[in-house]
Amino acid sequence: MSGLTTQTVPRVKSQGQKRSIVGRALEALLTQRVVLLAVLIVLVVAVMTVLDAAGALSGSYNSDYLAAALINAVPLAMLGLAQLGVILSGRGGIDLSVGSMVSVTGIAFGMSYGLWGWSLPVAMIFAVVLGGVLGGINGGLVAFVGFPPLIATLATFYAYRSIALVWSGQKPVNSTEIQSFYSAAKAIELPVIGSYLPLVPLGIFTFLIPVVIVVWVLLNKTTFGRRIYALGTNDTAASWAGINVRPNRFAVYVLSGVISGLVGVVTVAQFASARPDAGTSGNGMALPAITIAVLGGVAITGGIGRVSGVVLATILIVWLNAGILLAFPGNDGVQVQLLALGLVLVFASLLNGLTKRKYGGI
């Protein structure tokens with residue numbers, strides 16, 4: 001009997017260790033959204049690479065193609081960060097008007113830089129300030145008037161879109177200056193190591209990375225960020241703790257407008273014209289931005305979310321969409337992209353709910 005006992009104990013321990021390793025890995029995937037997104041990115045790239053090697057794609061899914069696809073990540077990631085701040089603030093925070101704000105601020109930049117003869121820095125500041133004003137209108141309706149964010153930003157979505165169309169005469173704004181501004185969206189070679197890597201869109205360095213750094217610092221290294229997380233967790237408790245709820249909730253909508261203004265400038269560079277439907281054509285920019293935020297681990301109830309999750313979720317969506325276009329050429333690819341976006345949103349929402357129930361956080 002003693003011999004049997006001594007032989008079975010190590011086996012039980014080994015099985016327990018295996019279970020604990022699997023359990024820890026599963027918990028890491030569910031609770032650390034950055035880990036899950038990194039795994040999904042690797043999985044998407046691996047699957048598409050295999051399909052490419054098998055000749056199932058209409059083009060090469062290689063490093064050059066992936067680097068070129070990152071041009072789409074610049075506006076999406078920036079608007080995902082805009083949604084991050086708004087959703088973090090809680091009380092159903094959401095901004096459906098970001099696409100319309102992109103259109104209005106893009107027209108403002110195109111008019112001022114391309115037609116009115118303003119200098120590039122002044123025109124950019126004008127677009128950003130206008131975005132902040134438009135975001136402030138959203139914030140005033142939500143924080144001070146008491147409108148539900150969904151209703152307030154849906155109303156301004158229609159209003160801002162109309163302004164962009166009327167202001168531009170329902171046609172793109174174009175000029176020599178605007179066409180030359182296309183160089184801001186070109187692909188560049190990285191210094192020193194660039195000869196070993198594919199060309200990377202310039203907008204990643206001039207627009208996306210600065211916005212990522214600023215938003216990360218605001219949310220993680222300032223009292224403003226701590227107040228926003230507190231609001232999203234429990235704004236009643238935050239109020240009792242001495243946090244002025246309304247001005248802080250107002251501020252995140254202003255920040256969303258400011259980022260949308262920058263994206264308006266980005267779209268002018270990418271399209272080489274200021275289009276009145278730049279942020280609203282097709283399915284618009286708002287819904288993909290919300291999807292990216294939720295996929296990145298931002299709790300729709302507020303109080304939970306990270307900048308790194310939004311950035312990785314953007315890369316996942318962009319590279320998945322790039323692969324879909326090669327697997328389903330033509331209009332079919334666009335429709336499959338929409339299907340994939342819907343499935344991703346459902347998956348992210350279910351995963352967020354499961355994580356919160358099982359582990360109490362994301």
# chains A, B, ... in the order shown; residues from 1 in each chain; ligands from 1
$ residues_around --residues "Asn234 (chain A)" --least-positions-apart "6" --cutoff "10 Å" --atoms "only C-alpha atoms" --output "list in words"
Ser89, Gly90, Arg91, Thr301, Gly302 and Gly303 of chain A
$ residues_around --residues "region 333-347 of chain A" --least-positions-apart "5" --cutoff "6 Å" --atoms "only C-alpha atoms" --output "list in words"
Thr291, Asn321, Ile324, Leu325 and Phe328 of chain A
$ closest_residue --among "A:Leu81, A:Leu190, A:Ala185, A:Val245" --to "Gln270 (chain A)" --atoms "only C-alpha atoms"
A:Ala185
$ select_by_dssp --residues "region 91-330 of chain A" --states "helix (DSSP H, G or I)" --output "ChimeraX atom specification"
/A:98-115,120-145,149-168,176-185,194-196,203-221,223-233,235-240,245-271,286-295,307-327
$ residues_around --residues "Glu189 (chain A)" --least-positions-apart "6" --cutoff "12 Å" --atoms "only C-alpha atoms" --output "ChimeraX atom specification"
/A:64,67-68,195-202,205
$ residues_around --residues "Asn220 (chain A)" --least-positions-apart "4" --cutoff "12 Å" --atoms "only C-alpha atoms" --output "list of chain:residue names"
A:Gly85, A:Val212, A:Ile213, A:Val214, A:Val215, A:Trp216, A:Phe224, A:Gly225, A:Arg226, A:Arg227, A:Ile228, A:Tyr229, A:Gly305, A:Arg306, A:Val307, A:Ser308
$ closest_residue --among "A:Gly257, A:Thr49, A:Asn62, A:Leu84" --to "Gly296 (chain A)" --atoms "only C-alpha atoms"
A:Leu84
$ residues_around --residues "region 251-256 of chain A" --least-positions-apart "2" --cutoff "10 Å" --atoms "only C-alpha atoms" --output "number ranges by chain"
A: 78-89, 93-95, 97-98, 101, 128-129, 131-140, 142-143, 153, 215, 224-225, 228, 246-249, 258-261
$ write_last_selection --atoms "C-alpha atoms" --output "short mmCIF file (atom, residue, chain, number, x, y, z; two decimals), in the first residue's frame"
data_model
loop_
_atom_site.label_atom_id
_atom_site.label_comp_id
_atom_site.auth_asym_id
_atom_site.auth_seq_id
_atom_site.Cartn_x
_atom_site.Cartn_y
_atom_site.Cartn_z
CA MET A 78 -6.83 57.82 -33.17
CA LEU A 79 -10.64 57.67 -33.13
CA GLY A 80 -10.46 54.51 -31.01
CA LEU A 81 -8.49 56.55 -28.46
CA ALA A 82 -11.14 59.29 -28.67
CA GLN A 83 -13.79 56.68 -27.83
CA LEU A 84 -11.58 55.31 -25.04
CA GLY A 85 -11.79 58.53 -23.02
CA VAL A 86 -15.51 58.98 -23.61
CA ILE A 87 -16.45 55.39 -22.73
CA LEU A 88 -14.16 55.39 -19.69
CA SER A 89 -16.17 58.26 -18.22
CA GLY A 93 -20.54 57.36 -22.59
CA ILE A 94 -20.20 57.06 -26.36
CA ASP A 95 -19.52 59.45 -29.25
CA SER A 97 -20.45 61.99 -33.98
CA VAL A 98 -16.70 61.47 -34.43
CA MET A 101 -16.56 65.89 -36.78
CA VAL A 128 -8.19 71.07 -33.99
CA VAL A 129 -9.82 74.00 -32.16
CA GLY A 131 -13.00 69.90 -33.31
CA GLY A 132 -12.70 70.85 -29.65
CA VAL A 133 -15.66 73.22 -29.98
CA LEU A 134 -17.80 70.55 -31.65
CA GLY A 135 -16.79 68.06 -28.97
CA GLY A 136 -17.60 70.68 -26.35
CA ILE A 137 -21.14 70.92 -27.70
CA ASN A 138 -21.47 67.16 -27.20
CA GLY A 139 -19.99 67.44 -23.73
CA GLY A 140 -22.31 70.30 -22.79
CA VAL A 142 -24.27 65.24 -21.94
CA ALA A 143 -22.61 66.69 -18.84
CA THR A 153 -24.08 62.40 -30.20
CA VAL A 215 -3.57 60.11 -24.31
CA PHE A 224 -7.32 64.05 -14.78
CA GLY A 225 -6.91 60.44 -15.85
CA ILE A 228 -11.97 59.81 -15.43
CA ARG A 246 -19.66 67.47 -14.85
CA PRO A 247 -16.52 69.39 -15.93
CA ASN A 248 -14.50 66.18 -16.12
CA ARG A 249 -17.14 64.39 -18.19
CA VAL A 258 -9.76 67.55 -30.63
CA ILE A 259 -8.60 64.10 -31.77
CA SER A 260 -11.32 64.06 -34.43
CA GLY A 261 -9.97 67.41 -35.67
#
$ closest_residue --among "A:Leu76, A:Val318, A:Ala184, A:Ala293" --to "Gly99 (chain A)" --atoms "only C-alpha atoms"
A:Leu76
$ closest_atom_pairs --of "region 177-274 of chain A" --to "region 106-124 of chain A" --cutoff "8 Å" --atoms "only C-alpha atoms" --output "CSV"
residue,atom,partner,partner_atom,distance
A:Glu177,CA,A:Gly114,CA,5.4
A:Ile178,CA,A:Gly114,CA,5.5
A:Gly261,CA,A:Gly106,CA,7.3
A:Leu262,CA,A:Met124,CA,7.6
A:Val263,CA,A:Gly106,CA,7.9
A:Gly264,CA,A:Gly106,CA,4.1
A:Val265,CA,A:Gly106,CA,5.6
A:Thr267,CA,A:Gly106,CA,7.0
A:Val268,CA,A:Gly106,CA,6.2
A:Ser273,CA,A:Gly110,CA,7.2
A:Ala274,CA,A:Gly110,CA,5.3
$ closest_residue --among "A:Lys221, A:Lys186, A:Arg275, A:Arg33" --to "Gly169 (chain A)" --atoms "only C-alpha atoms"
A:Arg275
$ atom_distance --atom1 "CA of Phe250 (chain A)" --atom2 "CA of Leu141 (chain A)"
8.8 Å
$ atom_distance --atom1 "CA of Leu231 (chain A)" --atom2 "CA of Ile243 (chain A)"
8.3 Å
$ atom_distance --atom1 "CA of Ala230 (chain A)" --atom2 "CA of Ile304 (chain A)"
9.7 Å
$ select_by_dssp --residues "region 7-243 of chain A" --states "strand (DSSP E)" --output "PyMOL selection string"
chain A and resi 187-188+200-201
